[in-house]
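Participant: So here's coords.cif, just mmCIF, C-alpha atoms and all ligand atoms:
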```
data_coords
#
loop_
_atom_site.label_atom_id
_atom_site.label_comp_id
_atom_site.auth_asym_id
_atom_site.auth_seq_id
_atom_site.Cartn_x
_atom_site.Cartn_y
_atom_site.Cartn_z
CA MET A 1 0.00 0.00 0.00
CA ASN A 2 1.09 3.56 -0.68
CA SER A 3 2.42 4.76 2.70
CA GLN A 4 1.10 8.26 1.91
CA VAL A 5 -2.50 7.09 2.01
CA ILE A 6 -4.16 8.45 5.12
CA LYS A 7 -6.02 6.13 7.49
CA VAL A 8 -8.92 7.74 9.32
CA GLY A 9 -11.30 6.35 11.92
CA MET A 10 -14.69 7.57 13.09
CA LEU A 11 -16.10 6.58 16.48
CA GLY A 12 -19.50 8.17 16.91
CA GLY A 13 -21.39 8.02 20.15
CA THR A 14 -23.85 9.61 22.48
CA PHE A 15 -20.96 9.89 24.97
CA ASP A 16 -23.38 10.56 27.78
CA PRO A 17 -20.84 10.68 29.35
CA ILE A 18 -17.51 9.68 27.79
CA HIS A 19 -15.91 6.85 29.80
CA HIS A 20 -12.83 4.60 29.87
CA GLY A 21 -14.63 1.95 27.78
CA HIS A 22 -14.77 4.47 24.91
CA LEU A 23 -11.32 5.96 25.45
CA ARG A 24 -9.31 2.78 25.94
CA SER A 25 -11.13 1.17 22.97
CA ALA A 26 -10.40 4.22 20.80
CA LEU A 27 -6.71 4.09 21.67
CA GLU A 28 -6.42 0.34 21.10
CA VAL A 29 -8.39 0.34 17.84
CA ARG A 30 -6.21 3.17 16.57
CA GLU A 31 -3.14 1.09 17.34
CA ALA A 32 -4.60 -2.12 15.90
CA LEU A 33 -5.47 -0.46 12.58
CA GLY A 34 -2.56 1.98 12.44
CA LEU A 35 -4.93 4.92 12.09
CA ASP A 36 -3.44 8.37 11.60
CA ARG A 37 -6.47 10.05 13.14
CA LEU A 38 -9.51 8.89 15.03
CA HIS A 39 -12.46 11.31 15.08
CA MET A 40 -14.65 10.88 18.16
CA ILE A 41 -17.97 12.48 17.26
CA PRO A 42 -20.79 13.18 19.71
CA ALA A 43 -24.29 12.76 18.28
CA PRO A 44 -26.71 15.58 19.24
CA GLN A 45 -29.68 13.42 18.24
CA PRO A 46 -28.72 9.73 18.26
CA PRO A 47 -31.31 8.27 15.86
CA LEU A 48 -32.36 5.18 17.82
CA ARG A 49 -32.80 6.67 21.27
CA GLY A 50 -34.32 9.69 23.00
CA VAL A 51 -32.54 13.05 23.03
CA PRO A 52 -30.12 12.98 25.99
CA GLN A 53 -30.76 15.30 28.93
CA VAL A 54 -27.21 16.60 28.87
CA SER A 55 -26.82 18.85 25.82
CA ALA A 56 -24.58 18.01 22.88
CA GLU A 57 -22.34 20.99 23.74
CA GLN A 58 -21.92 19.73 27.28
CA ARG A 59 -21.24 16.15 26.17
CA LEU A 60 -18.68 17.50 23.68
CA ALA A 61 -16.98 19.46 26.49
CA LEU A 62 -16.77 16.28 28.61
CA LEU A 63 -15.39 14.40 25.59
CA LYS A 64 -12.68 17.04 25.09
CA THR A 65 -11.79 16.82 28.77
CA GLY A 66 -11.62 13.01 28.54
CA ILE A 67 -9.38 12.97 25.47
CA GLY A 68 -7.06 15.67 26.80
CA ALA A 69 -3.83 15.55 24.78
CA THR A 70 -4.06 11.87 23.76
CA PRO A 71 -2.20 11.61 20.44
CA GLY A 72 -4.37 10.75 17.43
CA LEU A 73 -7.76 11.15 19.12
CA TYR A 74 -9.87 14.18 18.13
CA ALA A 75 -13.11 15.47 19.62
CA ASP A 76 -15.02 16.36 16.46
CA CYS A 77 -17.99 18.73 16.71
CA ARG A 78 -19.23 18.34 13.12
CA GLU A 79 -22.56 16.68 14.02
CA LEU A 80 -23.44 19.64 16.23
CA ARG A 81 -23.59 21.75 13.09
CA ARG A 82 -26.34 19.62 11.54
CA ALA A 83 -30.03 19.73 12.38
CA GLY A 84 -32.18 16.61 12.69
CA PRO A 85 -31.17 13.03 13.55
CA SER A 86 -27.41 12.41 13.64
CA TYR A 87 -27.18 9.91 10.79
CA SER A 88 -23.76 8.29 10.42
CA ILE A 89 -24.09 8.08 6.64
CA ASP A 90 -24.06 11.90 6.48
CA THR A 91 -20.98 12.09 8.71
CA LEU A 92 -19.13 9.48 6.66
CA ALA A 93 -19.99 11.36 3.45
CA GLU A 94 -18.48 14.53 4.93
CA LEU A 95 -15.32 12.72 6.04
CA ARG A 96 -14.98 11.01 2.64
CA ALA A 97 -15.29 14.38 0.87
CA GLU A 98 -12.66 15.89 3.16
CA TYR A 99 -10.09 13.09 3.01
CA GLY A 100 -10.60 12.04 -0.62
CA GLU A 101 -11.37 8.83 -2.49
CA GLN A 102 -8.15 6.99 -1.60
CA ALA A 103 -8.25 7.56 2.16
CA ARG A 104 -8.89 4.46 4.26
CA LEU A 105 -12.01 5.42 6.17
CA VAL A 106 -13.17 3.22 9.05
CA MET A 107 -16.41 3.42 10.99
CA ILE A 108 -15.95 1.87 14.44
CA ILE A 109 -18.87 0.61 16.50
CA GLY A 110 -19.37 -1.69 19.48
CA PHE A 111 -21.12 -5.04 19.17
CA ASP A 112 -24.29 -3.68 20.81
CA ALA A 113 -24.57 -0.98 18.13
CA PHE A 114 -23.76 -3.55 15.42
CA LEU A 115 -26.79 -5.64 16.43
CA ARG A 116 -29.04 -2.71 15.52
CA LEU A 117 -27.30 -1.83 12.27
CA PRO A 118 -30.21 -2.98 10.04
CA GLN A 119 -32.29 -0.17 11.59
CA TRP A 120 -29.80 2.55 10.65
CA HIS A 121 -30.58 5.16 8.02
CA ARG A 122 -29.38 3.92 4.57
CA ALA A 123 -27.63 0.99 6.28
CA GLY A 124 -26.99 -0.64 2.90
CA ASP A 125 -24.89 2.33 1.73
CA LEU A 126 -22.52 2.60 4.72
CA LEU A 127 -19.95 0.17 3.32
CA SER A 128 -19.64 2.06 0.07
CA LEU A 129 -18.22 4.98 2.07
CA ALA A 130 -16.20 3.24 4.77
CA HIS A 131 -15.00 0.01 6.31
CA LEU A 132 -16.85 -1.25 9.34
CA VAL A 133 -14.95 -2.36 12.42
CA VAL A 134 -16.99 -3.97 15.18
CA MET A 135 -15.50 -4.08 18.66
CA ALA A 136 -16.42 -6.94 20.96
CA ARG A 137 -18.13 -5.77 24.13
CA PRO A 138 -18.74 -7.80 27.29
CA GLY A 139 -22.34 -9.02 27.43
CA TYR A 140 -22.82 -9.01 23.65
CA GLN A 141 -21.66 -11.83 21.42
CA ALA A 142 -22.03 -13.73 18.17
CA PRO A 143 -24.03 -15.25 16.57
CA TRP A 144 -25.84 -12.29 15.15
CA PRO A 145 -29.31 -12.20 13.61
CA GLU A 146 -29.67 -13.44 10.03
CA GLU A 147 -30.65 -10.00 8.72
CA LEU A 148 -27.16 -8.73 9.55
CA ASN A 149 -25.65 -11.23 7.11
CA GLU A 150 -27.33 -9.42 4.26
CA LEU A 151 -25.47 -6.26 5.29
CA VAL A 152 -22.06 -7.63 6.22
CA GLY A 153 -21.90 -11.36 5.38
CA SER A 154 -19.81 -11.23 2.24
CA PHE A 155 -17.67 -8.29 3.38
CA GLU A 156 -15.86 -9.89 6.31
CA VAL A 157 -12.07 -9.81 6.15
CA GLU A 158 -9.38 -11.55 8.18
CA GLY A 159 -7.35 -8.72 9.64
CA ALA A 160 -6.34 -5.08 9.70
CA ASN A 161 -3.87 -5.53 6.83
CA SER A 162 -6.42 -6.79 4.33
CA LEU A 163 -8.84 -4.09 5.47
CA MET A 164 -6.32 -1.37 4.71
CA GLN A 165 -5.68 -2.55 1.15
CA ARG A 166 -8.68 -0.54 -0.10
CA PRO A 167 -10.57 2.63 0.86
CA SER A 168 -13.87 1.06 2.05
CA GLY A 169 -16.14 -1.96 1.91
CA GLY A 170 -14.61 -4.39 4.44
CA VAL A 171 -15.95 -5.65 7.76
CA LEU A 172 -13.63 -6.61 10.60
CA MET A 173 -14.67 -8.09 13.94
CA LEU A 174 -12.13 -7.03 16.56
CA THR A 175 -11.54 -8.18 20.13
CA LEU A 176 -9.38 -5.55 21.77
CA PRO A 177 -6.91 -6.47 24.53
CA SER A 178 -8.61 -4.42 27.28
CA MET A 179 -12.28 -5.14 26.69
CA MET A 180 -14.18 -3.25 29.39
CA ALA A 181 -17.65 -3.82 30.78
CA ILE A 182 -18.19 -0.09 31.33
CA SER A 183 -21.31 1.62 30.01
CA ALA A 184 -22.61 5.19 30.22
CA THR A 185 -25.93 3.78 31.49
CA TYR A 186 -24.15 2.26 34.50
CA ILE A 187 -22.35 5.55 35.17
CA ARG A 188 -25.58 7.60 34.96
CA GLU A 189 -27.28 5.10 37.23
CA ARG A 190 -24.57 5.27 39.88
CA LEU A 191 -24.39 9.06 39.77
CA SER A 192 -28.15 9.30 40.24
CA GLU A 193 -27.81 7.09 43.31
CA GLY A 194 -24.98 9.22 44.68
CA LYS A 195 -22.50 6.33 44.30
CA SER A 196 -18.87 6.50 43.26
CA VAL A 197 -17.90 6.37 39.58
CA ARG A 198 -14.16 6.61 40.28
CA TYR A 199 -12.00 4.71 37.73
CA LEU A 200 -14.90 4.21 35.32
CA LEU A 201 -14.06 7.48 33.59
CA PRO A 202 -11.23 10.04 33.69
CA GLU A 203 -11.02 11.91 36.98
CA ALA A 204 -11.23 15.29 35.20
CA VAL A 205 -14.51 14.19 33.55
CA GLU A 206 -15.85 13.05 36.91
CA GLU A 207 -14.93 16.41 38.45
CA ALA A 208 -16.62 18.33 35.62
CA ILE A 209 -19.78 16.22 36.02
CA GLN A 210 -19.87 16.84 39.79
CA GLU A 211 -19.24 20.55 39.31
CA LYS A 212 -22.12 20.89 36.83
CA GLY A 213 -24.42 18.56 38.77
CA PHE A 214 -25.10 16.34 35.74
CA TYR A 215 -26.83 12.97 36.01
CA GLN A 216 -28.36 13.51 39.41
CA HIS A 217 -31.53 12.06 37.93
CA PHE A 218 -31.23 8.77 36.07
CA SER A 219 -31.86 8.80 32.34
CA GLN A 220 -32.27 5.31 30.84
CA HIS A 221 -32.17 6.47 27.21
CA ASP A 222 -34.96 4.16 26.17
CA GLU A 223 -36.28 4.53 22.68
N1 LIG B 301 -17.06 -0.47 27.02
C1 LIG B 301 -17.12 -0.42 25.68
N2 LIG B 301 -16.37 -1.23 24.91
C2 LIG B 301 -16.45 -1.19 23.55
N3 LIG B 301 -17.25 -0.35 22.86
C3 LIG B 301 -18.01 0.50 23.57
C4 LIG B 301 -17.98 0.52 25.00
N4 LIG B 301 -18.84 1.46 25.43
C5 LIG B 301 -19.40 2.00 24.31
N5 LIG B 301 -18.89 1.43 23.20
C6 LIG B 301 -19.24 1.74 21.82
O1 LIG B 301 -18.97 3.12 21.61
C7 LIG B 301 -19.97 3.72 20.78
C8 LIG B 301 -20.63 4.87 21.53
O2 LIG B 301 -21.22 4.34 22.71
P1 LIG B 301 -22.25 5.16 23.60
O3 LIG B 301 -21.87 6.58 23.62
O4 LIG B 301 -23.63 4.79 23.22
O5 LIG B 301 -21.86 4.55 25.04
P2 LIG B 301 -22.62 3.46 25.92
O6 LIG B 301 -21.75 3.21 27.09
O7 LIG B 301 -22.98 2.28 25.07
O8 LIG B 301 -23.90 4.29 26.33
P3 LIG B 301 -25.32 3.86 26.96
O9 LIG B 301 -25.03 2.99 28.15
O10 LIG B 301 -25.92 5.19 27.28
O11 LIG B 301 -26.04 3.12 25.87
C9 LIG B 301 -20.96 2.59 20.43
O12 LIG B 301 -20.59 2.06 19.18
C10 LIG B 301 -20.72 1.57 21.54
O13 LIG B 301 -21.02 0.27 21.11
O1 LIG B 302 -27.21 6.52 11.12
C1 LIG B 302 -28.04 5.96 11.85
O2 LIG B 302 -29.21 5.71 11.47
C2 LIG B 302 -27.65 5.61 13.26
C3 LIG B 302 -28.47 4.87 14.09
C4 LIG B 302 -28.06 4.57 15.38
C5 LIG B 302 -26.84 5.04 15.85
N1 LIG B 302 -26.07 5.76 15.00
C6 LIG B 302 -24.78 6.30 15.48
O3 LIG B 302 -24.07 5.33 16.20
C7 LIG B 302 -23.33 5.94 17.24
C8 LIG B 302 -23.66 5.23 18.55
O4 LIG B 302 -25.03 5.47 18.84
P1 LIG B 302 -25.60 5.10 20.26
O5 LIG B 302 -27.06 5.40 20.22
O6 LIG B 302 -25.29 3.62 20.44
O7 LIG B 302 -24.83 5.95 21.23
C9 LIG B 302 -23.71 7.42 17.21
O8 LIG B 302 -22.71 8.10 16.48
C10 LIG B 302 -25.01 7.43 16.44
O9 LIG B 302 -25.22 8.64 15.72
C11 LIG B 302 -26.42 6.05 13.74
#
```
Please express what this file holds, its structure, as structure tokens.
Facilitator:
Amino acid sequence: MNSQVIKVGMLGGTFDPIHHGHLRSALEVREALGLDRLHMIPAPQPPLRGVPQVSAEQRLALLKTGIGATPGLYADCRELRRAGPSYSIDTLAELRAEYGEQARLVMIIGFDAFLRLPQWHRAGDLLSLAHLVVMARPGYQAPWPEELNELVGSFEVEGANSLMQRPSGGVLMLTLPSMMAISATYIRERLSEGKSVRYLLPEAVEEAIQEKGFYQHFSQHDE
């Protein structure tokens, strides 16, 4: 492969709030794929759940605090500039236009999000814009429902090297070394009960949450 070709990742999320499950996964997936940049992009209106109580601006601020100066990870506010549901296909189209046709563009999602992929907006078009990398997550495992095979069945590849041979269109299932059973739901739940969230998320994020008084009331994020 041409060593000049840029490798870009996108990890979208509600990040309500950002936690070590997101951050450690982002760092390890960047290493595993040799990504030059990984855009972490908060969704103002995640399409398959209710609008979060904490605003997109505030979730973005927590994300920035969580990332700090970590090399290669970028808090990307592009979805805050769009109205309506935060569809990933629109975000990928923007990134593709910015980085060009030859860039290796990778959409990264956890296994829980993968299970709902058939419900995504224009799900059948995602792989024409990017590769899909699915991170294992404790509590969620294969096999997956038959309808997912129609989307990803014939696109699965063996490893990061074969994925990076072309700009888009491959699917890679990845088990990262430090798989973590941390979820934002668990963090919101504990905060609403006045319990400690220490070590589940960066201390600076915890301090910012306490200072602002976020998550004192539990939000389940049901559809
Ligand atoms: N601990 C984790 N390990 C691997 N992937 C994760 C982890 N937590 C979240 N992800 C993935 O990161 C992306 C953004 O996650 P999201 O912001 O919804 O966090 P969450 O912890 O799943 O939130 P919630 O509990 O509110 O549903 C999704 O693709 C999700 O699957
Ligand atoms: O494009 C879609 O239709 C779509 C449907 C569900 C989720 N997403 C994106 O997937 C990411 C994770 O979403 P969530 O709800 O699991 O936090 C976030 O970036 C969402 O915008 C995107």
Participant: Given only C-alpha atoms and all ligand atoms, how would the per-residue table for chain A near ligand LIG 301 (chain B) read, listing every residue at most 7 Å away with its closest atom pair and distance in Å to one decimal, sorted by chain and number, as a Markdown table?
Facilitator:
```
| residue | atom | partner | partner_atom | distance |
| --- | --- | --- | --- | --- |
| A:Leu11 | CA | B:LIG301 | C7 | 6.5 |
| A:Gly12 | CA | B:LIG301 | C8 | 5.8 |
| A:Gly13 | CA | B:LIG301 | C8 | 3.5 |
| A:Thr14 | CA | B:LIG301 | O3 | 3.8 |
| A:Phe15 | CA | B:LIG301 | O3 | 3.7 |
| A:Asp16 | CA | B:LIG301 | O3 | 6.0 |
| A:Ile18 | CA | B:LIG301 | O3 | 6.8 |
| A:Gly21 | CA | B:LIG301 | N1 | 3.5 |
| A:His22 | CA | B:LIG301 | N4 | 5.1 |
| A:Ser25 | CA | B:LIG301 | C2 | 5.8 |
| A:Ile108 | CA | B:LIG301 | O12 | 6.6 |
| A:Ile109 | CA | B:LIG301 | O12 | 3.5 |
| A:Gly110 | CA | B:LIG301 | O13 | 3.0 |
| A:Phe111 | CA | B:LIG301 | O13 | 5.7 |
| A:Asp112 | CA | B:LIG301 | O13 | 5.1 |
| A:Ala113 | CA | B:LIG301 | O13 | 4.8 |
| A:Met135 | CA | B:LIG301 | C2 | 5.8 |
| A:Ala136 | CA | B:LIG301 | C2 | 6.3 |
| A:Arg137 | CA | B:LIG301 | C2 | 4.9 |
| A:Met179 | CA | B:LIG301 | N2 | 5.9 |
| A:Met180 | CA | B:LIG301 | N1 | 4.7 |
| A:Ala181 | CA | B:LIG301 | N1 | 5.1 |
| A:Ile182 | CA | B:LIG301 | N1 | 4.5 |
| A:Ser183 | CA | B:LIG301 | O6 | 3.4 |
| A:Ala184 | CA | B:LIG301 | O6 | 3.8 |
| A:Thr185 | CA | B:LIG301 | O9 | 3.5 |
| A:Tyr186 | CA | B:LIG301 | O9 | 6.5 |
| A:His221 | CA | B:LIG301 | O10 | 6.4 |
```
Participant: At a cut-off of 12 Å, using all atoms listed in the file, what residues contact A:Gly170? Leave out same-chain residues fewer than 2 positions from it and give the result as a PDB file with C-alpha atoms, in the frame of the given file.
Facilitator:
```pdb
ATOM      1  CA  ARG A 104      -8.890   4.460   4.260  1.00  0.00           C
ATOM      2  CA  LEU A 105     -12.010   5.420   6.170  1.00  0.00           C
ATOM      3  CA  VAL A 106     -13.170   3.220   9.050  1.00  0.00           C
ATOM      4  CA  MET A 107     -16.410   3.420  10.990  1.00  0.00           C
ATOM      5  CA  ILE A 108     -15.950   1.870  14.440  1.00  0.00           C
ATOM      6  CA  LEU A 126     -22.520   2.600   4.720  1.00  0.00           C
ATOM      7  CA  LEU A 127     -19.950   0.170   3.320  1.00  0.00           C
ATOM      8  CA  SER A 128     -19.640   2.060   0.070  1.00  0.00           C
ATOM      9  CA  LEU A 129     -18.220   4.980   2.070  1.00  0.00           C
ATOM     10  CA  ALA A 130     -16.200   3.240   4.770  1.00  0.00           C
ATOM     11  CA  HIS A 131     -15.000   0.010   6.310  1.00  0.00           C
ATOM     12  CA  LEU A 132     -16.850  -1.250   9.340  1.00  0.00           C
ATOM     13  CA  VAL A 133     -14.950  -2.360  12.420  1.00  0.00           C
ATOM     14  CA  VAL A 134     -16.990  -3.970  15.180  1.00  0.00           C
ATOM     15  CA  LEU A 151     -25.470  -6.260   5.290  1.00  0.00           C
ATOM     16  CA  VAL A 152     -22.060  -7.630   6.220  1.00  0.00           C
ATOM     17  CA  GLY A 153     -21.900 -11.360   5.380  1.00  0.00           C
ATOM     18  CA  SER A 154     -19.810 -11.230   2.240  1.00  0.00           C
ATOM     19  CA  PHE A 155     -17.670  -8.290   3.380  1.00  0.00           C
ATOM     20  CA  GLU A 156     -15.860  -9.890   6.310  1.00  0.00           C
ATOM     21  CA  VAL A 157     -12.070  -9.810   6.150  1.00  0.00           C
ATOM     22  CA  GLU A 158      -9.380 -11.550   8.180  1.00  0.00           C
ATOM     23  CA  GLY A 159      -7.350  -8.720   9.640  1.00  0.00           C
ATOM     24  CA  ALA A 160      -6.340  -5.080   9.700  1.00  0.00           C
ATOM     25  CA  ASN A 161      -3.870  -5.530   6.830  1.00  0.00           C
ATOM     26  CA  SER A 162      -6.420  -6.790   4.330  1.00  0.00           C
ATOM     27  CA  LEU A 163      -8.840  -4.090   5.470  1.00  0.00           C
ATOM     28  CA  MET A 164      -6.320  -1.370   4.710  1.00  0.00           C
ATOM     29  CA  GLN A 165      -5.680  -2.550   1.150  1.00  0.00           C
ATOM     30  CA  ARG A 166      -8.680  -0.540  -0.100  1.00  0.00           C
ATOM     31  CA  PRO A 167     -10.570   2.630   0.860  1.00  0.00           C
ATOM     32  CA  SER A 168     -13.870   1.060   2.050  1.00  0.00           C
ATOM     33  CA  LEU A 172     -13.630  -6.610  10.600  1.00  0.00           C
ATOM     34  CA  MET A 173     -14.670  -8.090  13.940  1.00  0.00           C
TER      35      MET A 173
END
```
Participant: Restrict the calculation to all atoms listed in the file, then for each residue of chain A with any atom at most 6 Å from an atom of ligand LIG 302 (chain B) give the closest atom pair and their distance in Å to one decimal, rows by chain and rising residue number, as a Markdown table.
Facilitator:
```
| residue | atom | partner | partner_atom | distance |
| --- | --- | --- | --- | --- |
| A:Gly12 | CA | B:LIG302 | O8 | 3.2 |
| A:Gly13 | CA | B:LIG302 | C9 | 3.8 |
| A:Thr14 | CA | B:LIG302 | O7 | 4.0 |
| A:Ala43 | CA | B:LIG302 | O9 | 4.9 |
| A:Pro46 | CA | B:LIG302 | O9 | 4.5 |
| A:Pro47 | CA | B:LIG302 | C3 | 4.8 |
| A:Leu48 | CA | B:LIG302 | C4 | 5.0 |
| A:Arg49 | CA | B:LIG302 | O5 | 6.0 |
| A:Ser86 | CA | B:LIG302 | O9 | 4.8 |
| A:Tyr87 | CA | B:LIG302 | O1 | 3.4 |
| A:Ser88 | CA | B:LIG302 | O1 | 3.9 |
| A:Ile89 | CA | B:LIG302 | O1 | 5.7 |
| A:Ala113 | CA | B:LIG302 | O6 | 5.2 |
| A:Trp120 | CA | B:LIG302 | O2 | 3.3 |
| A:His121 | CA | B:LIG302 | O2 | 3.8 |
```
Participant: Residues at most 10 Å from stretch 65-71 of chain A, counting all atoms listed in the file, excluding those fewer than 4 positions away in the same chain, as a ChimeraX atom specification?
Facilitator: /A:17-20,22-23,26-27,36-38,40,59-61,75,201-206,208
Participant: Atom CA of A:Leu174 to atom CA of A:Leu33: how many Å, to one decimal?
Facilitator: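 Separation of atom CA of A:Leu174 and atom CA of A:Leu33: 10.2 Å.
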Participant: Could you check the closest approach to A:Tyr74 for each of A:Gln45, A:Arg30, A:Arg188, A:Glu101 and tell me which residue wins, using all atoms listed in the file?
Facilitator: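 Answer, going by the shortest atom-to-atom distance: A:Arg30.
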Participant: What's the separation between atom CA of A:Pro177 and atom CA of A:Leu35, in Å to one decimal place?
Facilitator: 17.0 Å
Participant: Restricting the calculation to all atoms listed in the file: of A:Gly139, A:Pro52, A:Pro145, A:Gly169, which residue gets closest to A:Asp125?
Facilitator: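 Closest to A:Asp125 of all the choices is A:Gly169.
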Participant: Calculate how many Å separate atom CA of A:Glu31 from atom CA of A:Gln4, rounding to one decimal.
Facilitator: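 About the pair atom CA of A:Glu31 and atom CA of A:Gln4: they are 17.5 Å apart.
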Participant: Pick the closest to A:Arg116 from A:Gln141, A:Ala97, A:Tyr199, A:Glu147: which is it, counting all atoms listed in the file?
Facilitator: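 Among the listed residues, A:Glu147 lies closest to A:Arg116.
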Participant: Centre and edge lengths, as lines of an AutoDock Vina configuration file, for the axis-aligned box enclosing every listed atom of stretch 139-152 of chain A with 6 Å of padding on each of the six sides, in Å to one decimal?
Facilitator:
```
center_x = -26.2
center_y = -10.8
center_z = 15.8
size_x = 21.0
size_y = 21.0
size_z = 35.2
```
Participant: If we count only C-alpha atoms and set the cut-off at 9 Å, which residues sit around A:Gln216, ignoring sequence neighbours fewer than 4 positions away in its own chain? Please answer as a list in words.
Facilitator: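 My list of contacting residues is Arg188, Glu189, Leu191, Ser192, Glu193 and Gly194 of chain A.
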Participant: For A:Gln102, which of A:Glu211, A:Leu200, A:Gln58, A:Lys7 is the closest residue, counting all atoms listed in the file?
Facilitator: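 Among the listed residues, A:Lys7 lies closest to A:Gln102.
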